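A.B. asks: Handing you a structure now.
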Amino acid sequence: MVVTHRDVGKWVVLKGKTRHGKNRINQHGSTWLIEGISTFQGQPAIHLRSENKTEGPKDNKGFDSRWVLLRDDPNFIYFW
């Protein structure tokens with residue numbers, strides 16, 4: 001799947017590959033918004049934001065965000 005700057009603002013679905021990835025999906029959900037495309041640790045990646053506010057104290061939740069590598073991410077696979 002090719003991801004370009006035109007895809008910013010679209011939603012993707014993440015699936016956990018590792019225990020870490022599966023825990024993040026369980027904690028923050030599987031649907032994520034593409035906020036940007038750049039590099040992370042020198043590799044092409046997408047910057048994602050969780051669909052719902054799940055981070056922080058009970059009365060002041062915020063969105064979780066993370067980078068997912070476009071190729072061979074160790075923790076996640078993504079699809080439309």
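Residue numbering restarts at 1 in every chain; chains get A, B, ... in the order shown in the structure tokens, and ligands count up from 1 in that same order.
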Would you mind writing down, as a PyMOL selection string, each residue of chain A that DSSP on the backbone assigns to helix (DSSP H, G or I)?
C.D. replies: chain A and resi 5-7+19-28
A.B. asks: Write the residues of the preceding selection, restricted to C-alpha atoms, as a tab-separated table (two decimals), in the first residue's frame.
C.D. replies:
```tsv
chain	number	residue	atom	x	y	z
A	5	HIS	CA	0.56	13.30	1.65
A	6	ARG	CA	-2.90	13.13	0.05
A	7	ASP	CA	-3.80	10.52	2.65
A	19	ARG	CA	2.37	-8.15	22.41
A	20	HIS	CA	3.20	-4.44	22.60
A	21	GLY	CA	1.17	-3.66	19.47
A	22	LYS	CA	-1.80	-5.72	20.62
A	23	ASN	CA	-1.77	-3.98	24.01
A	24	ARG	CA	-1.81	-0.54	22.34
A	25	ILE	CA	-4.78	-1.58	20.16
A	26	ASN	CA	-6.59	-2.87	23.24
A	27	GLN	CA	-5.86	0.38	25.09
A	28	HIS	CA	-6.55	2.95	22.33
```
A.B. asks: So that I can check the surroundings of region 13-17 of chain A, please list as a PyMOL selection string every protein, DNA and RNA residue that reaches within 7 Å of it, counting only C-alpha atoms and ignoring chain neighbours fewer than 6 positions away.
C.D. replies: chain A and resi 25+30-32+75-80
A.B. asks: What lies within 8 Å of region 53-70 of chain A using only C-alpha atoms, ignoring chain neighbours under 2 positions off, as a PyMOL selection string?
C.D. replies: chain A and resi 3+27-28+40+43-51+72-73+76
A.B. asks: Counting only C-alpha atoms, which of A:Met1, A:Asn52, A:Glu35, A:Val8 gets nearest to Arg71 (chain A)?
C.D. replies: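 Using only C-alpha atoms, Arg71 (chain A) sits closest to A:Met1.
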A.B. asks: Determine the nearest neighbour of Pro74 (chain A) from the options A:Ser38, A:Gly29, A:Thr18, A:Val2, counting only C-alpha atoms.
C.D. replies: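 The shortest atom-to-atom distance to Pro74 (chain A) comes from A:Thr18.
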A.B. asks: If you run DSSP over the backbone, which residues in region 4-53 of chain A end up strand (DSSP E or B)? Put them as a PyMOL selection string.
C.D. replies: chain A and resi 11-16+31-40+43-53
